[in-house]
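Asker: Contents are mmCIF, C-alpha atoms; file name structure_30.cif:
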```cif
data_query
loop_
_atom_site.label_atom_id
_atom_site.label_comp_id
_atom_site.auth_asym_id
_atom_site.auth_seq_id
_atom_site.Cartn_x
_atom_site.Cartn_y
_atom_site.Cartn_z
CA MET A 1 -11.08 0.62 25.49
CA THR A 2 -8.10 1.71 23.41
CA GLU A 3 -5.72 2.20 26.36
CA ASN A 4 -5.63 -1.53 27.06
CA THR A 5 -5.88 -2.65 23.43
CA ARG A 6 -3.91 -5.83 22.78
CA ILE A 7 -2.09 -5.41 19.47
CA GLY A 8 -0.24 -7.73 17.11
CA VAL A 9 1.64 -6.44 14.07
CA VAL A 10 2.33 -8.97 11.29
CA GLY A 11 5.20 -7.87 9.08
CA ALA A 12 8.50 -6.20 9.99
CA GLY A 13 9.31 -4.49 6.73
CA SER A 14 9.84 -0.75 6.72
CA TRP A 15 6.14 0.13 6.94
CA GLY A 16 5.24 -2.51 9.52
CA THR A 17 8.19 -1.48 11.69
CA ALA A 18 7.34 2.21 11.38
CA LEU A 19 3.72 1.62 12.41
CA ALA A 20 4.82 -0.62 15.29
CA LYS A 21 7.14 2.17 16.46
CA LEU A 22 4.30 4.70 16.16
CA LEU A 23 2.05 2.58 18.36
CA ALA A 24 4.79 1.81 20.88
CA ASP A 25 5.69 5.50 21.11
CA LYS A 26 2.04 6.11 22.05
CA GLY A 27 2.45 3.66 24.93
CA TYR A 28 1.05 0.44 23.51
CA GLY A 29 2.81 -2.83 24.14
CA LEU A 30 2.71 -5.06 21.07
CA ASP A 31 3.99 -8.23 19.49
CA LEU A 32 5.71 -7.90 16.10
CA TRP A 33 5.92 -10.89 13.75
CA VAL A 34 9.28 -10.99 12.00
CA PHE A 35 9.77 -13.44 9.14
CA GLU A 36 13.57 -13.69 9.34
CA PRO A 37 14.99 -15.34 12.51
CA GLU A 38 18.19 -13.32 12.25
CA LEU A 39 16.26 -10.04 12.06
CA LYS A 40 14.18 -11.00 15.11
CA GLU A 41 17.39 -11.55 17.08
CA GLU A 42 18.86 -8.30 15.80
CA ILE A 43 15.83 -6.28 16.91
CA GLU A 44 15.96 -7.94 20.34
CA GLN A 45 19.68 -7.24 20.75
CA THR A 46 20.07 -3.82 19.14
CA ARG A 47 16.47 -2.45 19.24
CA GLU A 48 16.87 -1.53 15.59
CA ASN A 49 15.68 -2.95 12.25
CA ASN A 50 18.89 -2.42 10.34
CA ILE A 51 17.60 -4.18 7.23
CA PHE A 52 14.33 -2.38 6.54
CA LEU A 53 14.28 0.73 8.76
CA PRO A 54 17.82 1.57 9.85
CA GLY A 55 18.58 4.53 12.07
CA PHE A 56 15.57 4.34 14.38
CA ARG A 57 15.64 2.90 17.90
CA LEU A 58 12.60 0.72 18.58
CA PRO A 59 10.92 0.95 21.99
CA GLU A 60 11.20 -1.96 24.42
CA ARG A 61 7.40 -2.27 24.22
CA ILE A 62 7.84 -3.92 20.80
CA LEU A 63 8.36 -7.65 21.31
CA PRO A 64 9.66 -9.29 18.11
CA SER A 65 8.74 -12.90 17.46
CA ASN A 66 8.95 -15.54 14.71
CA ASP A 67 5.87 -17.22 16.19
CA LEU A 68 2.83 -16.08 14.20
CA GLU A 69 0.36 -17.63 16.63
CA ARG A 70 1.84 -15.80 19.58
CA VAL A 71 1.66 -12.48 17.75
CA VAL A 72 -1.99 -12.89 16.71
CA ARG A 73 -3.72 -14.93 19.41
CA ASP A 74 -6.04 -13.08 21.83
CA LYS A 75 -5.38 -9.70 20.24
CA ASP A 76 -8.02 -6.96 19.96
CA LEU A 77 -6.34 -5.47 16.88
CA VAL A 78 -4.18 -7.29 14.35
CA LEU A 79 -2.31 -5.11 11.86
CA LEU A 80 -1.24 -6.86 8.64
CA VAL A 81 1.67 -5.22 6.84
CA VAL A 82 2.95 -7.91 4.48
CA PRO A 83 3.57 -7.77 0.71
CA SER A 84 0.22 -8.06 -1.05
CA HIS A 85 1.14 -11.35 -2.75
CA PHE A 86 1.63 -12.94 0.71
CA MET A 87 -1.70 -11.76 2.11
CA ARG A 88 -3.64 -14.89 1.18
CA ASP A 89 -1.10 -17.21 2.80
CA ILE A 90 -0.85 -15.11 5.98
CA ALA A 91 -4.65 -14.82 6.28
CA GLY A 92 -4.98 -18.60 6.07
CA ARG A 93 -2.32 -19.08 8.74
CA ILE A 94 -3.81 -16.66 11.28
CA LYS A 95 -7.53 -17.37 10.90
CA ASP A 96 -7.69 -19.97 13.67
CA PHE A 97 -5.90 -17.74 16.17
CA LEU A 98 -8.15 -14.68 15.90
CA THR A 99 -10.74 -13.87 18.55
CA PRO A 100 -14.34 -13.60 17.24
CA ASP A 101 -14.35 -9.82 17.70
CA ALA A 102 -10.81 -9.02 16.57
CA VAL A 103 -10.38 -5.99 14.31
CA VAL A 104 -8.04 -6.84 11.44
CA VAL A 105 -6.35 -3.87 9.79
CA THR A 106 -4.55 -4.09 6.46
CA ALA A 107 -1.89 -1.53 5.62
CA SER A 108 -0.76 -3.49 2.53
CA LYS A 109 -1.34 -1.96 -0.90
CA GLY A 110 -2.01 -4.10 -3.93
CA ILE A 111 -4.43 -6.19 -6.00
CA GLU A 112 -3.95 -9.94 -6.19
CA ASN A 113 -2.74 -11.11 -9.61
CA LYS A 114 -4.87 -14.18 -10.26
CA THR A 115 -8.13 -13.20 -8.57
CA HIS A 116 -7.97 -9.38 -8.91
CA LEU A 117 -9.17 -9.14 -5.30
CA THR A 118 -8.30 -6.31 -2.94
CA MET A 119 -6.69 -7.10 0.42
CA THR A 120 -9.94 -6.93 2.38
CA GLN A 121 -11.65 -9.16 -0.17
CA ILE A 122 -8.90 -11.74 0.34
CA LEU A 123 -9.33 -11.45 4.10
CA GLU A 124 -13.09 -11.88 3.85
CA GLU A 125 -12.58 -15.00 1.76
CA MET A 126 -9.84 -16.53 3.90
CA ILE A 127 -11.20 -15.60 7.34
CA PRO A 128 -14.92 -16.42 7.09
CA GLY A 129 -15.24 -16.47 10.88
CA LEU A 130 -15.00 -12.69 11.02
CA PRO A 131 -17.71 -10.39 9.62
CA LYS A 132 -16.56 -7.98 6.92
CA GLU A 133 -17.28 -5.13 9.35
CA ASN A 134 -14.17 -6.20 11.29
CA PHE A 135 -11.79 -5.49 8.41
CA VAL A 136 -10.31 -2.01 8.21
CA VAL A 137 -7.95 -0.38 5.70
CA LEU A 138 -5.23 2.06 6.75
CA SER A 139 -3.89 3.98 3.77
CA GLY A 140 -2.71 7.38 2.63
CA PRO A 141 0.38 9.44 1.72
CA SER A 142 2.95 8.06 4.15
CA PHE A 143 6.61 7.11 3.72
CA ALA A 144 7.76 4.77 6.48
CA LYS A 145 10.98 6.66 7.17
CA GLU A 146 9.12 9.94 7.68
CA VAL A 147 6.52 8.35 9.97
CA ALA A 148 9.31 6.81 12.05
CA ALA A 149 10.99 10.22 12.24
CA GLY A 150 7.79 11.86 13.49
CA VAL A 151 7.13 13.92 10.37
CA PRO A 152 3.47 15.11 10.40
CA THR A 153 1.48 12.58 8.38
CA VAL A 154 -2.22 12.26 7.51
CA VAL A 155 -3.91 9.02 6.42
CA ALA A 156 -7.36 7.41 6.23
CA SER A 157 -9.02 4.57 8.13
CA ALA A 158 -11.70 2.91 5.99
CA SER A 159 -14.29 0.27 6.79
CA VAL A 160 -17.92 -0.56 6.13
CA SER A 161 -18.21 -0.21 9.92
CA ARG A 162 -17.88 3.41 11.03
CA GLU A 163 -17.38 2.18 14.60
CA ASN A 164 -14.37 0.05 13.70
CA ALA A 165 -12.92 2.74 11.45
CA ARG A 166 -13.12 5.15 14.38
CA PHE A 167 -11.58 2.56 16.71
CA VAL A 168 -8.57 2.32 14.41
CA GLN A 169 -8.53 6.11 14.11
CA THR A 170 -8.29 6.42 17.88
CA VAL A 171 -5.62 3.74 18.27
CA PHE A 172 -3.28 5.20 15.63
CA SER A 173 -3.85 8.95 15.90
CA SER A 174 -1.17 11.05 17.56
CA PRO A 175 -0.01 14.69 17.41
CA ARG A 176 2.21 13.65 14.48
CA PHE A 177 -0.06 11.09 12.81
CA ARG A 178 -3.58 12.26 12.01
CA VAL A 179 -6.18 9.72 10.89
CA TYR A 180 -9.46 10.51 9.12
CA VAL A 181 -12.22 7.95 8.62
CA ASN A 182 -14.25 7.04 5.57
CA ASP A 183 -16.81 4.36 4.66
CA ASP A 184 -15.22 3.25 1.38
CA PRO A 185 -12.63 0.48 1.77
CA VAL A 186 -12.91 -0.33 -1.96
CA GLY A 187 -11.94 3.16 -3.10
CA THR A 188 -9.30 3.45 -0.41
CA GLN A 189 -7.63 0.26 -1.61
CA ILE A 190 -7.92 1.00 -5.34
CA GLY A 191 -6.26 4.35 -4.77
CA GLY A 192 -3.49 2.81 -2.68
CA ALA A 193 -2.81 0.11 -5.27
CA MET A 194 -3.04 2.12 -8.49
CA LYS A 195 -0.85 4.95 -7.26
CA ASN A 196 2.08 2.52 -7.25
CA VAL A 197 1.59 1.76 -10.94
CA LEU A 198 1.38 5.47 -11.72
CA ALA A 199 4.47 6.14 -9.59
CA ILE A 200 6.39 3.79 -11.87
CA ALA A 201 5.12 5.83 -14.83
CA ALA A 202 6.21 9.08 -13.16
CA GLY A 203 9.61 7.59 -12.44
CA ILE A 204 9.98 6.53 -16.08
CA CYS A 205 9.12 10.08 -17.12
CA ASP A 206 11.76 11.56 -14.82
CA GLY A 207 14.31 8.89 -15.70
CA MET A 208 13.96 9.97 -19.32
CA LYS A 209 14.49 13.60 -18.19
CA MET A 210 11.38 14.67 -20.03
CA GLY A 211 10.67 17.69 -17.84
CA LEU A 212 7.92 18.82 -15.48
CA ASN A 213 5.10 19.31 -18.00
CA PRO A 214 4.69 15.62 -18.83
CA ARG A 215 4.88 14.55 -15.18
CA ALA A 216 2.04 16.92 -14.28
CA ALA A 217 -0.01 15.60 -17.19
CA LEU A 218 0.75 12.03 -16.22
CA ILE A 219 -0.39 12.53 -12.61
CA THR A 220 -3.58 14.25 -13.75
CA ARG A 221 -4.48 11.64 -16.33
CA GLY A 222 -3.44 8.91 -13.91
CA LEU A 223 -5.98 10.24 -11.43
CA ALA A 224 -8.61 10.01 -14.17
CA GLU A 225 -7.68 6.35 -14.69
CA MET A 226 -7.81 5.71 -10.95
CA ASN A 227 -11.29 7.22 -10.89
CA ARG A 228 -12.36 5.20 -13.93
CA LEU A 229 -11.33 1.82 -12.54
CA GLY A 230 -12.31 2.65 -8.97
CA THR A 231 -15.86 3.64 -9.76
CA ARG A 232 -16.22 0.61 -12.02
CA MET A 233 -15.35 -1.52 -8.99
CA GLY A 234 -17.78 0.28 -6.71
CA ALA A 235 -15.67 3.06 -5.22
CA ASP A 236 -16.98 6.48 -4.29
CA PRO A 237 -15.21 8.93 -6.67
CA LEU A 238 -14.81 11.38 -3.78
CA THR A 239 -12.61 8.85 -1.98
CA LEU A 240 -10.18 8.97 -4.88
CA LEU A 241 -9.97 12.75 -4.50
CA GLY A 242 -8.92 12.26 -0.88
CA LEU A 243 -5.91 11.04 1.05
CA ALA A 244 -5.87 7.47 -0.25
CA GLY A 245 -6.30 8.64 -3.84
CA VAL A 246 -4.83 11.93 -4.99
CA GLY A 247 -2.89 12.37 -1.73
CA ASP A 248 -0.98 9.12 -2.05
CA LEU A 249 -0.67 9.60 -5.81
CA LEU A 250 1.08 12.96 -5.41
CA LEU A 251 3.46 11.59 -2.80
CA THR A 252 4.58 8.50 -4.68
CA CYS A 253 4.83 10.23 -8.06
CA THR A 254 7.12 12.95 -6.76
CA GLY A 255 8.97 11.47 -3.77
CA GLU A 256 12.44 9.96 -4.06
CA LEU A 257 11.63 7.71 -1.07
CA SER A 258 9.10 5.80 -3.21
CA ARG A 259 10.42 2.40 -4.27
CA ASN A 260 8.00 2.36 -7.21
CA TYR A 261 9.05 5.80 -8.42
CA THR A 262 12.72 4.81 -8.06
CA LEU A 263 12.16 1.60 -10.02
CA GLY A 264 10.40 3.54 -12.77
CA LYS A 265 13.21 6.07 -12.89
CA GLN A 266 15.72 3.28 -13.47
CA ILE A 267 13.52 1.87 -16.24
CA GLY A 268 13.47 5.32 -17.81
CA GLN A 269 17.27 5.37 -17.65
CA GLY A 270 17.44 2.12 -19.61
CA LYS A 271 17.87 -0.54 -16.92
CA LYS A 272 16.08 -3.90 -17.22
CA LEU A 273 13.32 -4.83 -14.78
CA ASP A 274 14.90 -8.14 -13.74
CA ASP A 275 18.21 -6.41 -12.97
CA ILE A 276 16.50 -3.75 -10.88
CA ILE A 277 14.47 -6.27 -8.86
CA SER A 278 17.52 -8.45 -8.23
CA GLU A 279 19.20 -5.47 -6.54
CA MET A 280 16.22 -4.60 -4.32
CA ARG A 281 15.76 -6.02 -0.81
CA MET A 282 12.33 -4.45 -0.36
CA VAL A 283 9.26 -5.03 -2.53
CA ALA A 284 8.07 -2.53 -5.14
CA GLU A 285 4.35 -3.37 -5.00
CA GLY A 286 3.62 -1.54 -8.24
CA VAL A 287 5.28 -4.22 -10.38
CA LYS A 288 2.81 -6.96 -9.47
CA THR A 289 -0.08 -4.48 -9.28
CA THR A 290 0.67 -3.36 -12.85
CA ARG A 291 -0.15 -6.86 -14.05
CA SER A 292 -3.39 -6.94 -12.01
CA VAL A 293 -4.51 -3.52 -13.23
CA TYR A 294 -3.74 -4.40 -16.85
CA ASN A 295 -5.77 -7.60 -16.66
CA LEU A 296 -8.59 -5.82 -14.84
CA SER A 297 -8.75 -3.20 -17.59
CA LYS A 298 -9.33 -5.98 -20.11
CA LYS A 299 -11.76 -7.90 -17.93
CA LEU A 300 -13.89 -4.87 -17.03
CA LYS A 301 -13.39 -3.10 -20.37
CA VAL A 302 -12.02 0.03 -18.70
CA ASP A 303 -9.67 2.29 -20.67
CA LEU A 304 -6.41 2.76 -18.73
CA PRO A 305 -3.87 3.96 -21.30
CA VAL A 306 -1.15 5.12 -18.89
CA CYS A 307 -1.28 2.00 -16.71
CA ASN A 308 -1.37 -0.24 -19.76
CA GLU A 309 1.72 1.39 -21.25
CA VAL A 310 3.53 0.77 -17.96
CA TYR A 311 2.58 -2.90 -18.36
CA ARG A 312 3.99 -2.99 -21.88
CA ALA A 313 7.22 -1.34 -20.76
CA LEU A 314 7.67 -3.76 -17.86
CA PHE A 315 6.46 -7.04 -19.35
CA GLU A 316 6.34 -6.79 -23.14
CA GLY A 317 9.68 -5.16 -23.82
CA LEU A 318 8.24 -1.97 -25.33
CA SER A 319 10.79 0.84 -25.17
CA VAL A 320 9.95 3.84 -23.02
CA ASP A 321 10.18 6.08 -26.07
CA GLU A 322 7.52 3.96 -27.78
CA THR A 323 5.21 4.17 -24.76
CA VAL A 324 5.40 7.96 -24.80
CA GLU A 325 4.75 8.09 -28.54
CA ARG A 326 1.74 5.78 -28.21
CA LEU A 327 0.22 7.88 -25.42
CA MET A 328 0.74 11.19 -27.21
CA ASN A 329 -0.74 9.91 -30.49
CA ARG A 330 -3.93 8.39 -29.15
CA SER A 331 -7.17 9.57 -30.73
CA LEU A 332 -8.30 12.98 -29.52
CA LYS A 333 -11.25 13.14 -27.13
CA HIS A 334 -13.05 15.10 -24.42
CA GLU A 335 -11.08 15.43 -21.18
CA LEU A 336 -13.86 13.98 -19.04
CA ASP A 337 -14.70 10.98 -21.25
CA GLY A 338 -15.18 8.02 -18.97
CA VAL A 339 -14.36 10.02 -15.85
CA VAL A 340 -17.76 11.26 -14.77
#
```
Take the structure from the file and write it as structure tokens.

Answerer:
Amino acid sequence: MTENTRIGVVGAGSWGTALAKLLADKGYGLDLWVFEPELKEEIEQTRENNIFLPGFRLPERILPSNDLERVVRDKDLVLLVVPSHFMRDIAGRIKDFLTPDAVVVTASKGIENKTHLTMTQILEEMIPGLPKENFVVLSGPSFAKEVAAGVPTVVASASVSRENARFVQTVFSSPRFRVYVNDDPVGTQIGGAMKNVLAIAAGICDGMKMGLNPRAALITRGLAEMNRLGTRMGADPLTLLGLAGVGDLLLTCTGELSRNYTLGKQIGQGKKLDDIISEMRMVAEGVKTTRSVYNLSKKLKVDLPVCNEVYRALFEGLSVDETVERLMNRSLKHELDGVV
């Protein structure tokens, strides 16, 4: 079944392009939806995405298009790799083009600001013609540039349908890209979203040149917060100890290729958020997710001190020195309070 799988990839940012290249290198022909007309022409002419993934030649099997219907219609597998705040709009635009048995995979990481929904929850709401079993999450510790370069990478495919999770596992797995399956799309998505917020915190820490001790503490306590919110939303705590949780957390909190870590580092060095964003072509998902996580912590009455201090630093003008002081002077408690 997988050899003749008809694939459409929606989103030609760095991650969407890297995954399209991965699939094309395996031998799949696929359509790639590109938002910018000039980028579509560039990929056709040069076989390279010089804006979002420069330095990598894209196989001829990748057919770029600005026509969303063409990319999605009659496909067996549709991979959505768009910024999380565009997911609702894209889902509404593609719903009438999907076949009744299409498998829709989201590789986007975030939580919607107004609704606090995960990506699969948005898809379930916007594409009622597909059962929730047909939605799959692909997530884990994976920088686009390294995947495109063939660096060994391991991620997770998550769905309430083990069959569809395994289908995605088979389609994407290669000698350089190993995919595990799990049955917990909620936990997989909470881990993938929250790690971006915590990567901003880690970047702030390093931007302030605080040292290695506080970064290790931040990652550890950040994992506790991820577990706290995730389980409150129905996640299996073991998922958050896996690839989409601690695995992705470690990568983004320590890797210079992380846009969220880099943004946090600039905050820690004293730059203003608006100035940093104005200089970025690509999206740092953690900024919007910080707002969602902060509001969720209030709504669900979940204690997320690290994430909430990131919110105050980004949106309330609190200095990074004040955020550190507030965290270090919180009331003393048991390490596992609220974790288990």

Asker: Which residues are near Gly11 (chain A)? Cut-off 9 Å, only C-alpha atoms, ignore same chain within fewer than 3 positions. Put them as a PyMOL selection string.

Answerer: chain A and resi 14-17+32-35+79-83

Asker: For this structure, which residues satisfy the selection - the PyMOL selection byres ((chain A and resi 281-297) around 6) - when it is evaluated on the file as given? I want them as a ChimeraX atom specification.

Answerer: /A:110-111,113,196-197,259-260,280,298-302,308,311

Asker: Could you spell out the hits of the PyMOL selection byres ((chain A and resi 222) around 9) on the shown file, as number ranges by chain?

Answerer: A: 194-195, 198, 217-221, 223-227, 249, 304-307

Asker: Residues at most 10 Å from Lys132 (chain A), counting all atoms listed in the file, excluding those fewer than 4 positions away in the same chain, as a PDB file with C-alpha atoms, in the coordinates of the input?

Answerer:
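Output file part.pdb is given in full below:
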```
ATOM      1  CA  VAL A 103     -10.380  -5.990  14.310  1.00  0.00           C
ATOM      2  CA  VAL A 104      -8.040  -6.840  11.440  1.00  0.00           C
ATOM      3  CA  THR A 120      -9.940  -6.930   2.380  1.00  0.00           C
ATOM      4  CA  GLN A 121     -11.650  -9.160  -0.170  1.00  0.00           C
ATOM      5  CA  LEU A 123      -9.330 -11.450   4.100  1.00  0.00           C
ATOM      6  CA  GLU A 124     -13.090 -11.880   3.850  1.00  0.00           C
ATOM      7  CA  GLU A 125     -12.580 -15.000   1.760  1.00  0.00           C
ATOM      8  CA  ILE A 127     -11.200 -15.600   7.340  1.00  0.00           C
ATOM      9  CA  PRO A 128     -14.920 -16.420   7.090  1.00  0.00           C
ATOM     10  CA  VAL A 136     -10.310  -2.010   8.210  1.00  0.00           C
ATOM     11  CA  SER A 159     -14.290   0.270   6.790  1.00  0.00           C
ATOM     12  CA  VAL A 160     -17.920  -0.560   6.130  1.00  0.00           C
ATOM     13  CA  SER A 161     -18.210  -0.210   9.920  1.00  0.00           C
TER      14      SER A 161
END
```

Asker: Report as an mmCIF file with C-alpha atoms, in the coordinates of the input the residues that result from applying the PyMOL selection byres ((chain A and resi 154) around 6) to the structure here.

Answerer:
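In the end it all went to out.cif:
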```
data_model
loop_
_atom_site.group_PDB
_atom_site.id
_atom_site.type_symbol
_atom_site.label_atom_id
_atom_site.label_comp_id
_atom_site.auth_asym_id
_atom_site.auth_seq_id
_atom_site.Cartn_x
_atom_site.Cartn_y
_atom_site.Cartn_z
ATOM 1 C CA THR A 153 1.480 12.580 8.380
ATOM 2 C CA VAL A 155 -3.910 9.020 6.420
ATOM 3 C CA PHE A 177 -0.060 11.090 12.810
ATOM 4 C CA ARG A 178 -3.580 12.260 12.010
ATOM 5 C CA VAL A 179 -6.180 9.720 10.890
#
```

Asker: Calculated over all atoms listed in the file, which of the candidates A:Ala18, A:Glu38, A:Leu238, A:Asn329 has the smallest distance to Pro54 (chain A)?

Answerer: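 Of A:Ala18, A:Glu38, A:Leu238, A:Asn329, the one nearest Pro54 (chain A) is A:Ala18, counting all atoms listed in the file.
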
Asker: Name the closest residue to Thr170 (chain A) among the candidates A:Leu53, A:Ala148, A:Leu23, A:Ile62; distances are taken between atoms, counting all atoms listed in the file.

Answerer: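 The shortest atom-to-atom distance to Thr170 (chain A) comes from A:Leu23.
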
Asker: Expressed in Å to a single decimal, how great is the separation between CA of Val9 (chain A) and CA of Ile277 (chain A)?

Answerer: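 Going from CA of Val9 (chain A) over to CA of Ile277 (chain A) covers 26.3 Å.
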
Asker: How far is it from CA of Val78 (chain A) to CA of Asn50 (chain A), in Å with one decimal?

Answerer: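 Spanning CA of Val78 (chain A) to CA of Asn50 (chain A) is a straight-line distance of 23.9 Å.
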
Asker: Mind pulling up the distance from CA of Pro131 (chain A) to CA of Pro100 (chain A)?

Answerer: 8.9 Å

Asker: Using all atoms listed in the file - which residues lie no farther than 12 Å from the point (-2.6, 7.8, 17.8) in the file's frame? Write them as a PyMOL selection string.

Answerer: chain A and resi 2-3+19-28+150+153-155+166-180

Asker: Any chance you can output those residues with C-alpha atoms as a CSV table (one decimal), in the coordinates of the input?

Answerer:
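Writing the result to part.csv gives the following:
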```csv
chain,number,residue,atom,x,y,z
A,2,THR,CA,-8.1,1.7,23.4
A,3,GLU,CA,-5.7,2.2,26.4
A,19,LEU,CA,3.7,1.6,12.4
A,20,ALA,CA,4.8,-0.6,15.3
A,21,LYS,CA,7.1,2.2,16.5
A,22,LEU,CA,4.3,4.7,16.2
A,23,LEU,CA,2.0,2.6,18.4
A,24,ALA,CA,4.8,1.8,20.9
A,25,ASP,CA,5.7,5.5,21.1
A,26,LYS,CA,2.0,6.1,22.0
A,27,GLY,CA,2.4,3.7,24.9
A,28,TYR,CA,1.0,0.4,23.5
A,150,GLY,CA,7.8,11.9,13.5
A,153,THR,CA,1.5,12.6,8.4
A,154,VAL,CA,-2.2,12.3,7.5
A,155,VAL,CA,-3.9,9.0,6.4
A,166,ARG,CA,-13.1,5.2,14.4
A,167,PHE,CA,-11.6,2.6,16.7
A,168,VAL,CA,-8.6,2.3,14.4
A,169,GLN,CA,-8.5,6.1,14.1
A,170,THR,CA,-8.3,6.4,17.9
A,171,VAL,CA,-5.6,3.7,18.3
A,172,PHE,CA,-3.3,5.2,15.6
A,173,SER,CA,-3.8,9.0,15.9
A,174,SER,CA,-1.2,11.0,17.6
A,175,PRO,CA,0.0,14.7,17.4
A,176,ARG,CA,2.2,13.6,14.5
A,177,PHE,CA,-0.1,11.1,12.8
A,178,ARG,CA,-3.6,12.3,12.0
A,179,VAL,CA,-6.2,9.7,10.9
A,180,TYR,CA,-9.5,10.5,9.1
```

Asker: Render region 250-270 of chain A from the structure in the preceding block as a file of N, CA and C atoms, as a compact mmCIF listing (two decimals), in the first residue's frame.

Answerer:
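What ended up in out00.txt:
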```
# COMPACT_ATOMS: atom_id res chain seq x y z
N LEU A 250 15.03 18.32 25.33
CA LEU A 250 16.49 18.39 25.40
C LEU A 250 17.07 19.03 24.15
N LEU A 251 16.54 18.66 22.99
CA LEU A 251 17.06 19.20 21.73
C LEU A 251 16.88 20.71 21.66
N THR A 252 15.66 21.18 21.90
CA THR A 252 15.38 22.60 21.69
C THR A 252 15.94 23.49 22.79
N CYS A 253 16.21 22.91 23.95
CA CYS A 253 16.77 23.71 25.05
C CYS A 253 18.29 23.79 24.98
N THR A 254 18.90 23.05 24.11
CA THR A 254 20.37 23.03 24.05
C THR A 254 20.92 23.26 22.65
N GLY A 255 20.04 23.27 21.63
CA GLY A 255 20.51 23.35 20.25
C GLY A 255 20.44 24.75 19.67
N GLU A 256 21.54 25.21 19.11
CA GLU A 256 21.60 26.54 18.52
C GLU A 256 20.73 26.64 17.27
N LEU A 257 20.30 25.52 16.68
CA LEU A 257 19.44 25.55 15.51
C LEU A 257 17.98 25.85 15.87
N SER A 258 17.66 25.85 17.16
CA SER A 258 16.29 26.12 17.60
C SER A 258 15.98 27.60 17.53
N ARG A 259 14.94 27.95 16.77
CA ARG A 259 14.53 29.36 16.68
C ARG A 259 14.05 29.89 18.02
N ASN A 260 13.38 29.02 18.79
CA ASN A 260 12.86 29.45 20.09
C ASN A 260 13.99 29.69 21.09
N TYR A 261 14.96 28.78 21.10
CA TYR A 261 16.13 28.97 21.97
C TYR A 261 16.87 30.25 21.58
N THR A 262 17.04 30.47 20.28
CA THR A 262 17.76 31.66 19.80
C THR A 262 17.02 32.93 20.18
N LEU A 263 15.70 32.92 20.05
CA LEU A 263 14.91 34.08 20.45
C LEU A 263 15.07 34.34 21.95
N GLY A 264 14.99 33.28 22.75
CA GLY A 264 15.17 33.44 24.19
C GLY A 264 16.55 33.98 24.54
N LYS A 265 17.55 33.51 23.82
CA LYS A 265 18.92 33.97 24.09
C LYS A 265 19.03 35.48 23.84
N GLN A 266 18.37 35.95 22.79
CA GLN A 266 18.41 37.38 22.50
C GLN A 266 17.64 38.18 23.56
N ILE A 267 16.55 37.61 24.06
CA ILE A 267 15.83 38.25 25.18
C ILE A 267 16.75 38.36 26.38
N GLY A 268 17.46 37.28 26.67
CA GLY A 268 18.39 37.26 27.80
C GLY A 268 19.52 38.26 27.65
N GLN A 269 19.83 38.61 26.40
CA GLN A 269 20.90 39.60 26.14
C GLN A 269 20.37 41.03 26.14
N GLY A 270 19.04 41.17 26.35
CA GLY A 270 18.49 42.51 26.48
C GLY A 270 17.71 43.04 25.30
```
